[in-house]
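What's in target33.pdb: PDB, C-alpha atoms
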ATOM      1  CA  MET A   1       0.000   0.000   0.000
ATOM      2  CA  SER A   2       1.403   3.377  -0.926
ATOM      3  CA  LYS A   3       1.624   6.016   1.789
ATOM      4  CA  ILE A   4      -0.106   9.351   1.477
ATOM      5  CA  LYS A   5       2.246  12.179   2.356
ATOM      6  CA  GLY A   6       1.294  15.565   3.722
ATOM      7  CA  GLN A   7      -0.776  17.596   1.355
ATOM      8  CA  ASN A   8      -0.603  21.233   0.441
ATOM      9  CA  PHE A   9      -2.994  23.785   1.828
ATOM     10  CA  VAL A  10      -3.241  26.852  -0.372
ATOM     11  CA  THR A  11      -5.197  30.070  -0.451
ATOM     12  CA  SER A  12      -5.983  32.522  -3.191
ATOM     13  CA  ALA A  13      -4.003  35.247  -1.427
ATOM     14  CA  SER A  14      -0.805  33.208  -1.053
ATOM     15  CA  VAL A  15      -1.368  33.491   2.674
ATOM     16  CA  VAL A  16       0.047  30.109   3.495
ATOM     17  CA  ALA A  17       3.604  29.209   2.617
ATOM     18  CA  ASN A  18       6.118  26.788   4.085
ATOM     19  CA  GLU A  19       3.344  24.936   5.827
ATOM     20  CA  THR A  20       4.450  22.330   8.348
ATOM     21  CA  ASN A  21       1.109  20.844   9.195
ATOM     22  CA  CYS A  22      -2.533  21.328   8.409
ATOM     23  CA  THR A  23      -5.752  19.936   9.814
ATOM     24  CA  VAL A  24      -9.139  20.105   8.118
ATOM     25  CA  THR A  25     -12.081  19.264  10.359
ATOM     26  CA  VAL A  26     -15.561  18.697   8.995
ATOM     27  CA  THR A  27     -18.366  18.561  11.523
ATOM     28  CA  GLY A  28     -21.908  17.323  11.148
ATOM     29  CA  ASN A  29     -24.007  19.526  13.408
ATOM     30  CA  THR A  30     -26.729  17.521  15.089
ATOM     31  CA  GLU A  31     -30.020  18.188  16.809
ATOM     32  CA  ASP A  32     -31.876  15.920  19.167
ATOM     33  CA  VAL A  33     -35.049  14.761  17.442
ATOM     34  CA  SER A  34     -36.162  12.330  20.136
ATOM     35  CA  ASP A  35     -39.901  12.124  20.565
ATOM     36  CA  LYS A  36     -42.247  10.240  22.790
ATOM     37  CA  SER A  37     -42.152   7.209  20.527
ATOM     38  CA  ALA A  38     -38.344   6.852  20.925
ATOM     39  CA  THR A  39     -37.572   3.966  23.217
ATOM     40  CA  GLY A  40     -34.922   3.970  25.924
ATOM     41  CA  LEU A  41     -32.785   6.768  27.400
ATOM     42  CA  TYR A  42     -30.664   7.457  24.384
ATOM     43  CA  SER A  43     -31.033  10.629  22.361
ATOM     44  CA  LYS A  44     -31.815  10.410  18.682
ATOM     45  CA  GLU A  45     -29.620  12.806  16.740
ATOM     46  CA  SER A  46     -30.127  14.118  13.245
ATOM     47  CA  VAL A  47     -27.448  15.919  11.222
ATOM     48  CA  VAL A  48     -29.030  19.222  10.222
ATOM     49  CA  SER A  49     -25.987  21.022   8.767
ATOM     50  CA  THR A  50     -22.263  20.721   8.161
ATOM     51  CA  SER A  51     -19.434  23.107   8.996
ATOM     52  CA  TRP A  52     -15.670  22.936   8.596
ATOM     53  CA  GLN A  53     -12.493  24.519   9.911
ATOM     54  CA  VAL A  54      -8.845  24.510   8.882
ATOM     55  CA  GLN A  55      -5.855  24.907  11.187
ATOM     56  CA  THR A  56      -2.346  25.207   9.866
ATOM     57  CA  ASP A  57       1.151  25.945  11.152
ATOM     58  CA  THR A  58       3.674  27.601   8.875
ATOM     59  CA  TYR A  59       7.143  29.035   8.918
ATOM     60  CA  GLN A  60       7.381  32.461   7.323
ATOM     61  CA  SER A  61      10.730  33.813   6.273
ATOM     62  CA  GLU A  62       9.635  36.832   4.233
ATOM     63  CA  PRO A  63       7.948  40.001   5.531
ATOM     64  CA  GLU A  64       5.685  40.066   2.461
ATOM     65  CA  GLN A  65       4.112  36.787   3.583
ATOM     66  CA  LEU A  66       3.356  38.239   7.007
ATOM     67  CA  LYS A  67       1.811  41.307   5.379
ATOM     68  CA  ALA A  68      -0.383  39.095   3.185
ATOM     69  CA  ILE A  69      -1.757  37.378   6.302
ATOM     70  CA  LEU A  70      -2.440  40.707   8.014
ATOM     71  CA  ASN A  71      -4.149  42.120   4.927
ATOM     72  CA  THR A  72      -6.359  39.042   4.740
ATOM     73  CA  PHE A  73      -7.260  39.449   8.426
ATOM     74  CA  ASN A  74      -8.016  43.169   8.003
ATOM     75  CA  ALA A  75     -10.226  42.527   4.968
ATOM     76  CA  ALA A  76     -12.522  40.342   7.145
ATOM     77  CA  ALA A  77     -13.791  38.650   3.992
ATOM     78  CA  SER A  78     -13.757  35.074   2.873
ATOM     79  CA  ILE A  79     -11.015  33.846   0.575
ATOM     80  CA  ALA A  80     -10.665  30.753  -1.539
ATOM     81  CA  VAL A  81      -8.808  27.932   0.177
ATOM     82  CA  GLY A  82      -7.864  24.500  -1.022
ATOM     83  CA  TRP A  83      -6.492  21.220   0.192
ATOM     84  CA  SER A  84      -4.610  19.903  -2.798
ATOM     85  CA  ALA A  85      -3.810  16.332  -3.624
ATOM     86  CA  ASP A  86      -0.290  14.987  -3.289
ATOM     87  CA  GLY A  87       0.117  13.013  -6.486
ATOM     88  CA  ALA A  88      -2.721  10.756  -7.495
ATOM     89  CA  SER A  89      -3.434   9.411  -4.035
ATOM     90  CA  GLY A  90      -4.628  12.469  -2.134
ATOM     91  CA  ILE A  91      -7.944  14.121  -1.537
ATOM     92  CA  SER A  92      -8.658  17.492  -3.125
ATOM     93  CA  LYS A  93     -11.131  19.848  -1.495
ATOM     94  CA  SER A  94     -11.766  23.565  -1.838
ATOM     95  CA  GLY A  95     -14.103  26.236  -0.546
ATOM     96  CA  GLN A  96     -14.376  29.733   0.914
ATOM     97  CA  ALA A  97     -13.105  30.505   4.409
ATOM     98  CA  LEU A  98     -12.628  33.379   6.852
ATOM     99  CA  LEU A  99      -9.291  33.851   8.601
ATOM    100  CA  ASN A 100     -10.677  33.970  12.129
ATOM    101  CA  ASP A 101      -7.532  33.554  14.219
ATOM    102  CA  PHE A 102      -3.805  33.921  13.775
ATOM    103  CA  VAL A 103      -0.731  33.885  15.998
ATOM    104  CA  MET A 104       2.635  35.131  14.776
ATOM    105  CA  ASN A 105       5.394  33.973  17.084
ATOM    106  CA  PHE A 106       8.570  36.031  16.916
ATOM    107  CA  ASN A 107      11.131  34.177  18.969
ATOM    108  CA  ASP A 108      14.684  35.373  19.365
ATOM    109  CA  ARG A 109      16.915  33.972  16.610
ATOM    110  CA  GLU A 110      14.215  31.718  15.195
ATOM    111  CA  THR A 111      12.202  31.738  11.995
ATOM    112  CA  VAL A 112       8.761  33.272  12.465
ATOM    113  CA  ASN A 113       6.180  30.611  13.273
ATOM    114  CA  VAL A 114       2.605  31.406  12.278
ATOM    115  CA  SER A 115      -0.529  29.500  13.247
ATOM    116  CA  LEU A 116      -3.660  30.175  11.222
ATOM    117  CA  GLN A 117      -7.235  29.128  11.799
ATOM    118  CA  PHE A 118      -9.887  29.397   9.109
ATOM    119  CA  GLN A 119     -13.629  29.061   9.495
ATOM    120  CA  GLY A 120     -15.125  27.605   6.360
ATOM    121  CA  THR A 121     -18.203  29.336   5.013
ATOM    122  CA  GLY A 122     -20.433  27.471   2.624
ATOM    123  CA  ALA A 123     -19.673  24.078   1.195
ATOM    124  CA  LEU A 124     -16.347  22.251   1.115
ATOM    125  CA  SER A 125     -16.491  20.626  -2.282
TER     126      SER A 125
ATOM    127  CA  MET B   1      15.075  38.319   5.438
ATOM    128  CA  LYS B   2      18.803  38.682   5.163
ATOM    129  CA  LYS B   3      21.344  37.243   7.562
ATOM    130  CA  GLY B   4      21.694  39.364  10.674
ATOM    131  CA  GLN B   5      18.176  40.743  10.468
ATOM    132  CA  TYR B   6      15.619  40.168  13.215
ATOM    133  CA  ILE B   7      12.011  41.106  13.783
ATOM    134  CA  ARG B   8      11.515  43.371  16.795
ATOM    135  CA  LEU B   9       8.737  45.286  18.521
ATOM    136  CA  LEU B  10       9.119  49.053  18.826
ATOM    137  CA  LEU B  11       6.988  50.955  21.331
ATOM    138  CA  SER B  12       6.476  54.619  22.183
ATOM    139  CA  THR B  13       3.971  57.182  23.424
ATOM    140  CA  THR B  14       4.543  59.080  20.193
ATOM    141  CA  ALA B  15       3.692  58.076  16.649
ATOM    142  CA  THR B  16       6.306  56.175  14.625
ATOM    143  CA  PRO B  17       8.211  54.623  17.541
ATOM    144  CA  THR B  18      11.943  54.132  17.180
ATOM    145  CA  LYS B  19      12.764  52.441  20.515
ATOM    146  CA  VAL B  20      12.810  48.646  20.508
ATOM    147  CA  ILE B  21      11.939  46.445  23.466
ATOM    148  CA  ALA B  22      15.342  45.786  24.979
ATOM    149  CA  ALA B  23      16.629  42.216  25.326
ATOM    150  CA  SER B  24      13.450  40.787  23.861
ATOM    151  CA  LYS B  25      13.280  37.004  24.074
ATOM    152  CA  GLN B  26       9.907  36.393  22.550
ATOM    153  CA  MET B  27       6.804  38.171  21.336
ATOM    154  CA  ALA B  28       3.616  37.160  19.587
ATOM    155  CA  LEU B  29       0.985  39.044  17.619
ATOM    156  CA  HIS B  30      -2.407  37.389  18.045
ATOM    157  CA  GLY B  31      -5.438  38.419  16.017
ATOM    158  CA  SER B  32      -8.914  37.003  16.397
ATOM    159  CA  ALA B  33     -12.080  37.640  14.456
ATOM    160  CA  THR B  34     -15.610  37.337  15.768
ATOM    161  CA  VAL B  35     -17.337  35.034  13.330
ATOM    162  CA  GLU B  36     -21.098  34.672  13.371
ATOM    163  CA  GLU B  37     -23.386  32.324  11.557
ATOM    164  CA  SER B  38     -25.123  34.012   8.644
ATOM    165  CA  SER B  39     -27.040  31.108   7.167
ATOM    166  CA  THR B  40     -30.606  31.966   6.275
ATOM    167  CA  LYS B  41     -33.567  30.078   4.964
ATOM    168  CA  ASP B  42     -32.606  31.343   1.527
ATOM    169  CA  THR B  43     -29.220  29.648   1.756
ATOM    170  CA  THR B  44     -29.078  26.587  -0.402
ATOM    171  CA  GLY B  45     -27.685  23.319   0.873
ATOM    172  CA  ASP B  46     -26.865  22.145   4.357
ATOM    173  CA  SER B  47     -23.497  23.920   4.744
ATOM    174  CA  MET B  48     -23.216  26.658   7.323
ATOM    175  CA  ASP B  49     -22.390  30.204   6.182
ATOM    176  CA  TYR B  50     -20.442  32.628   8.360
ATOM    177  CA  GLU B  51     -19.448  36.275   8.325
ATOM    178  CA  CYS B  52     -16.883  38.287  10.236
ATOM    179  CA  THR B  53     -18.420  40.864  12.571
ATOM    180  CA  GLY B  54     -15.412  42.112  14.532
ATOM    181  CA  LEU B  55     -11.625  42.086  14.783
ATOM    182  CA  ALA B  56      -9.330  42.269  17.810
ATOM    183  CA  TYR B  57      -5.666  41.716  18.521
ATOM    184  CA  ASP B  58      -3.048  41.800  21.229
ATOM    185  CA  ILE B  59       0.698  41.514  21.524
ATOM    186  CA  THR B  60       2.334  39.475  24.249
ATOM    187  CA  GLY B  61       6.010  39.111  24.922
ATOM    188  CA  SER B  62       8.823  38.608  27.353
ATOM    189  CA  ALA B  63      12.213  40.235  27.765
ATOM    190  CA  LEU B  64      15.165  40.239  30.103
ATOM    191  CA  ILE B  65      15.374  42.966  32.718
ATOM    192  CA  LEU B  66      18.548  44.901  32.031
ATOM    193  CA  THR B  67      20.287  47.418  34.241
ATOM    194  CA  SER B  68      19.594  50.978  33.225
ATOM    195  CA  ASN B  69      23.225  51.671  32.325
ATOM    196  CA  ASP B  70      23.552  48.655  30.099
ATOM    197  CA  ALA B  71      25.114  49.744  26.830
ATOM    198  CA  LEU B  72      22.713  47.455  24.971
ATOM    199  CA  ASN B  73      19.859  49.555  26.244
ATOM    200  CA  THR B  74      20.650  52.502  23.984
ATOM    201  CA  GLY B  75      17.601  53.346  21.956
ATOM    202  CA  ALA B  76      15.577  50.679  23.701
ATOM    203  CA  ASN B  77      12.711  50.450  26.154
ATOM    204  CA  SER B  78      13.717  49.063  29.522
ATOM    205  CA  ALA B  79      11.372  47.173  31.816
ATOM    206  CA  ALA B  80      10.911  50.306  33.894
ATOM    207  CA  ASP B  81      10.064  52.393  30.827
ATOM    208  CA  MET B  82       7.312  49.998  29.922
ATOM    209  CA  LEU B  83       5.887  49.680  33.434
ATOM    210  CA  ALA B  84       5.594  53.460  33.622
ATOM    211  CA  ASN B  85       3.045  53.253  30.819
ATOM    212  CA  LEU B  86       0.727  50.760  32.500
ATOM    213  CA  GLY B  87      -2.787  52.099  32.448
ATOM    214  CA  ASP B  88      -4.794  54.095  29.996
ATOM    215  CA  THR B  89      -1.792  55.602  28.214
ATOM    216  CA  GLU B  90      -2.132  55.410  24.457
ATOM    217  CA  LEU B  91       0.920  53.723  22.990
ATOM    218  CA  TYR B  92       2.067  53.280  19.432
ATOM    219  CA  TRP B  93       3.701  50.075  18.275
ATOM    220  CA  ARG B  94       5.543  48.911  15.197
ATOM    221  CA  ILE B  95       6.842  45.482  14.270
ATOM    222  CA  CYS B  96       9.857  45.874  12.017
ATOM    223  CA  VAL B  97      12.693  43.968  10.435
ATOM    224  CA  MET B  98      15.748  45.327  12.257
ATOM    225  CA  GLU B  99      19.427  45.198  11.434
ATOM    226  CA  GLY B 100      22.708  46.825  12.405
ATOM    227  CA  THR B 101      24.410  47.087  15.778
ATOM    228  CA  ASN B 102      22.196  45.534  18.460
ATOM    229  CA  ASN B 103      19.399  45.434  15.876
ATOM    230  CA  ARG B 104      18.493  49.075  16.308
ATOM    231  CA  THR B 105      18.094  50.133  12.641
ATOM    232  CA  VAL B 106      14.757  49.688  10.870
ATOM    233  CA  ASP B 107      15.088  47.944   7.517
ATOM    234  CA  GLU B 108      11.383  47.376   6.846
ATOM    235  CA  GLU B 109       8.131  47.921   8.714
ATOM    236  CA  ILE B 110       5.752  44.955   8.711
ATOM    237  CA  CYS B 111       2.812  46.445  10.598
ATOM    238  CA  SER B 112       1.893  49.051  13.197
ATOM    239  CA  GLY B 113      -0.956  50.290  15.335
ATOM    240  CA  LYS B 114      -2.071  51.659  18.678
ATOM    241  CA  CYS B 115      -2.384  49.813  21.971
ATOM    242  CA  LYS B 116      -2.483  50.034  25.754
ATOM    243  CA  LEU B 117      -0.330  48.134  28.212
ATOM    244  CA  THR B 118      -2.833  45.983  30.077
ATOM    245  CA  SER B 119      -0.617  43.482  31.868
ATOM    246  CA  TRP B 120       2.948  43.481  33.181
ATOM    247  CA  SER B 121       4.647  40.934  35.393
ATOM    248  CA  ALA B 122       8.214  40.313  36.453
ATOM    249  CA  GLN B 123       9.761  37.096  37.597
ATOM    250  CA  GLY B 124      13.082  36.165  39.129
ATOM    251  CA  GLN B 125      14.472  32.733  39.761
ATOM    252  CA  ASN B 126      17.634  31.675  41.505
ATOM    253  CA  LYS B 127      20.629  31.731  39.134
ATOM    254  CA  GLN B 128      18.536  32.926  36.202
ATOM    255  CA  ASN B 129      18.128  36.269  34.515
ATOM    256  CA  ALA B 130      15.147  38.281  35.668
ATOM    257  CA  MET B 131      12.412  38.470  33.046
ATOM    258  CA  TYR B 132       9.283  40.483  32.514
ATOM    259  CA  ASN B 133       6.155  39.632  30.579
ATOM    260  CA  TYR B 134       3.727  42.073  29.025
ATOM    261  CA  THR B 135       0.426  42.211  27.205
ATOM    262  CA  LEU B 136      -0.426  45.073  24.881
ATOM    263  CA  THR B 137      -4.093  45.196  23.954
ATOM    264  CA  GLY B 138      -4.555  46.689  20.524
ATOM    265  CA  PHE B 139      -7.259  49.109  19.541
ATOM    266  CA  GLY B 140      -8.126  50.265  16.069
ATOM    267  CA  ALA B 141      -6.804  48.584  12.967
ATOM    268  CA  ILE B 142      -3.517  46.869  12.319
ATOM    269  CA  THR B 143      -1.878  49.058   9.697
ATOM    270  CA  VAL B 144       0.070  47.259   7.001
ATOM    271  CA  PRO B 145       2.323  49.356   4.735
ATOM    272  CA  THR B 146       1.356  49.285   1.092
ATOM    273  CA  GLN B 147       3.646  47.057  -0.884
ATOM    274  CA  ALA B 148       5.948  48.902  -3.227
TER     275      ALA B 148
END
Would you mind writing the structure in this file as structure tokens?
Amino acid sequence: MSKIKGQNFVTSASVVANETNCTVTVTGNTEDVSDKSATGLYSKESVVSTSWQVQTDTYQSEPEQLKAILNTFNAAASIAVGWSADGASGISKSGQALLNDFVMNFNDRETVNVSLQFQGTGALS
Amino acid sequence: MKKGQYIRLLLSTTATPTKVIAASKQMALHGSATVEESSTKDTTGDSMDYECTGLAYDITGSALILTSNDALNTGANSAADMLANLGDTELYWRICVMEGTNNRTVDEEICSGKCKLTSWSAQGQNKQNAMYNYTLTGFGAITVPTQA
């Protein structure tokens, strides 16, 4: 069996570069639809919507990359993001997302480490 | 960035600060957006839609406490300088790529803004350098210089 290596997370604004890891989480949001005819103590959940988030850690060595992140944050608008396949084995997904959290760590004598969190808006297709 | 360049935080009570935080060990710029659900009955499909309704940021960091006559302190904020500004004093900050002797020359500005010092703590441990930690709560926008 061939191994699937890390895949590339990209955005339309070149916000992410030198990514070290990336996590895409898709959640099915549920509601309890138990009624009097449901037997037992267990709840009966129904998925009523889906939502998704992306978290990524990157190393940024150029000031222009940091400025691109800040401009994206200031714009407060969704941007195109994608999770691209690595060769023929990977999964490709794309959608629109809001940059809703970032941390730029400036440690003495170290490359700048940036953590980004995106909230997907609309479908991940 | 070129060899010998470092990113530093500059802080002042006047616009366009030129004094760096002396003996800085670490700092972090943290931005967070308030994101609210905006899905409506008109929205097609089952996917949730969101919109950004607010932005906020802060800067946290830590630095060594230097003696006031330390030669490295030239052109830099000492721990005492910063503590004097705790409260409602409006401060200006810049994060810049620095170079030159003791990293005191601005090569390029990355971003800037206004803030208030909202937290300051000092710590000393046996046989270790004394450190202080700070939190600067930003207000208004993060200004990013237009790319040339």
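Ranking B:Glu51, B:Ser24, B:Gly75, B:Gly87 by their shortest atom-to-atom distance to Thr101 of chain B, with only C-alpha atoms included, puts B:Gly75 first.
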Proximity of chain A to chain B: per-residue shortest pair, 6 Å limit, all atoms listed in the file, as CSV:
residue,atom,partner,partner_atom,distance
A:Ser49,CA,B:Asp46,CA,4.6
A:Thr50,CA,B:Ser47,CA,4.8
A:Ser51,CA,B:Met48,CA,5.5
A:Glu62,CA,B:Met1,CA,5.8
A:Ala76,CA,B:Cys52,CA,5.7
A:Asn100,CA,B:Ala33,CA,4.6
A:Asp101,CA,B:Ser32,CA,4.3
A:Phe102,CA,B:Gly31,CA,5.3
A:Val103,CA,B:His30,CA,4.4
A:Met104,CA,B:Leu29,CA,5.1
A:Asn105,CA,B:Ala28,CA,4.4
A:Phe106,CA,B:Met27,CA,5.2
A:Asn107,CA,B:Gln26,CA,4.4
A:Asp108,CA,B:Lys25,CA,5.2
A:Thr121,CA,B:Asp49,CA,4.4
A:Gly122,CA,B:Asp49,CA,4.9
A:Ala123,CA,B:Ser47,CA,5.2
Separation of atom CA of Thr30 of chain A from atom CA of Gln119 of chain A, in Å and rounded to one decimal: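 Distance reported for this atom pair: 18.3 Å.
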What is the atom CA of Met82 of chain B-atom CA of Asn113 of chain A distance in Å, reported with one decimal? 25.6 Å
Centre, x/y/z edge lengths, axis-aligned box for segment 142-147 of chain B with 6 Å per side, as lines of an AutoDock Vina configuration file:
center_x = 0.1
center_y = 48.1
center_z = 5.7
size_x = 19.2
size_y = 14.5
size_z = 25.2
Name the closest residue to Glu36 of chain B among the candidates A:Lys93, A:Val10, A:Ser46, A:Gly120; distances are taken between atoms, counting all atoms listed in the file.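 Among the listed residues, the smallest separation from Glu36 of chain B belongs to A:Gly120.
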Near Thr72 of chain A, within 9 Å and counting only C-alpha atoms, which residues show up once chain neighbours fewer than 4 positions away are dropped, as a list in words?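 Returned residues: Ala13, Val15, Lys67, Ala68, Ala76, Ala77, Ser78, Ile79, Leu98 and Leu99 of chain A.
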Dump of C-alpha atoms for the selected residues, as a PDB file, keeping the file's coordinate frame:
ATOM      1  CA  ALA A  13      -4.003  35.247  -1.427  1.00  0.00           C
ATOM      2  CA  VAL A  15      -1.368  33.491   2.674  1.00  0.00           C
ATOM      3  CA  LYS A  67       1.811  41.307   5.379  1.00  0.00           C
ATOM      4  CA  ALA A  68      -0.383  39.095   3.185  1.00  0.00           C
ATOM      5  CA  ALA A  76     -12.522  40.342   7.145  1.00  0.00           C
ATOM      6  CA  ALA A  77     -13.791  38.650   3.992  1.00  0.00           C
ATOM      7  CA  SER A  78     -13.757  35.074   2.873  1.00  0.00           C
ATOM      8  CA  ILE A  79     -11.015  33.846   0.575  1.00  0.00           C
ATOM      9  CA  LEU A  98     -12.628  33.379   6.852  1.00  0.00           C
ATOM     10  CA  LEU A  99      -9.291  33.851   8.601  1.00  0.00           C
TER      11      LEU A  99
END
Suppose a student applies the PyMOL selection byres ((chain B and resi 119) around 12) to this structure; what residues should they get, written as number ranges by chain? B: 58-62, 82-88, 115-118, 120-122, 132-137
Among the residues A:Asn29, A:Ser43, A:Gln96, A:Ser37, the one that comes closest to Phe118 of chain A [using all atoms listed in the file]: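 Comparing A:Asn29, A:Ser43, A:Gln96, A:Ser37 against Phe118 of chain A, the winner is A:Gln96.
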How many Å separate atom CA of Ser125 of chain A from atom CA of Ala97 of chain A?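 Interatomic distance, atom CA of Ser125 of chain A to atom CA of Ala97 of chain A: 12.4 Å.
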Kindly resolve the PyMOL selection byres ((chain B and resi 15-22) around 10) on the present coordinates and return the residues as a PyMOL selection string. chain B and resi 8-14+23-25+27+61-66+72-79+81-82+91-96+98+102-106+112-114
I need the residue set behind the PyMOL selection byres ((chain A and resi 58) around 12) for this file; please write it as a ChimeraX atom specification. /A:8-10,15-22,55-57,59-62,65-66,69,102-105,111-117
Looking at only C-alpha atoms, which of A:Ser92, A:Glu110, A:Glu31, A:Asn71 is the one that sits closest to Lys44 of chain A?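 Smallest separation from Lys44 of chain A among the options: A:Glu31.
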Just save segment 31-51 of chain A with N, CA and C atoms, as a compact mmCIF listing (two decimals), in the first residue's frame.
# COMPACT_ATOMS: atom_id res chain seq x y z
N GLU A 31 -28.95 17.75 15.90
CA GLU A 31 -30.02 18.19 16.81
C GLU A 31 -30.74 16.95 17.33
N ASP A 32 -31.15 17.04 18.56
CA ASP A 32 -31.88 15.92 19.17
C ASP A 32 -33.31 15.93 18.63
N VAL A 33 -33.69 14.83 18.00
CA VAL A 33 -35.05 14.76 17.44
C VAL A 33 -35.85 13.67 18.14
N SER A 34 -35.43 13.35 19.38
CA SER A 34 -36.16 12.33 20.14
C SER A 34 -37.62 12.77 20.34
N ASP A 35 -38.51 11.82 20.26
CA ASP A 35 -39.90 12.12 20.57
C ASP A 35 -40.46 11.05 21.50
N LYS A 36 -41.68 11.16 21.80
CA LYS A 36 -42.25 10.24 22.79
C LYS A 36 -42.24 8.79 22.33
N SER A 37 -42.14 8.58 21.02
CA SER A 37 -42.15 7.21 20.53
C SER A 37 -40.76 6.58 20.58
N ALA A 38 -39.70 7.39 20.84
CA ALA A 38 -38.34 6.85 20.93
C ALA A 38 -38.23 6.02 22.19
N THR A 39 -37.68 4.83 22.05
CA THR A 39 -37.57 3.97 23.22
C THR A 39 -36.24 4.17 23.91
N GLY A 40 -36.17 3.91 25.18
CA GLY A 40 -34.92 3.97 25.92
C GLY A 40 -34.52 5.37 26.30
N LEU A 41 -33.28 5.49 26.89
CA LEU A 41 -32.78 6.77 27.40
C LEU A 41 -31.94 7.52 26.38
N TYR A 42 -31.61 6.86 25.31
CA TYR A 42 -30.66 7.46 24.38
C TYR A 42 -31.31 8.54 23.52
N SER A 43 -30.52 9.57 23.24
CA SER A 43 -31.03 10.63 22.36
C SER A 43 -30.99 10.14 20.92
N LYS A 44 -31.75 10.78 20.10
CA LYS A 44 -31.81 10.41 18.68
C LYS A 44 -31.40 11.65 17.90
N GLU A 45 -30.19 11.61 17.37
CA GLU A 45 -29.62 12.81 16.74
C GLU A 45 -29.84 12.79 15.23
N SER A 46 -30.00 13.97 14.69
CA SER A 46 -30.13 14.12 13.24
C SER A 46 -29.15 15.20 12.79
N VAL A 47 -28.38 14.91 11.76
CA VAL A 47 -27.45 15.92 11.22
C VAL A 47 -28.25 16.93 10.41
N VAL A 48 -28.22 18.20 10.88
CA VAL A 48 -29.03 19.22 10.22
C VAL A 48 -28.18 20.16 9.36
N SER A 49 -26.85 20.17 9.58
CA SER A 49 -25.99 21.02 8.77
C SER A 49 -24.55 20.55 8.92
N THR A 50 -23.69 21.04 8.05
CA THR A 50 -22.26 20.72 8.16
C THR A 50 -21.46 22.01 8.24
N SER A 51 -20.35 21.97 8.94
CA SER A 51 -19.43 23.11 9.00
C SER A 51 -18.02 22.55 8.99
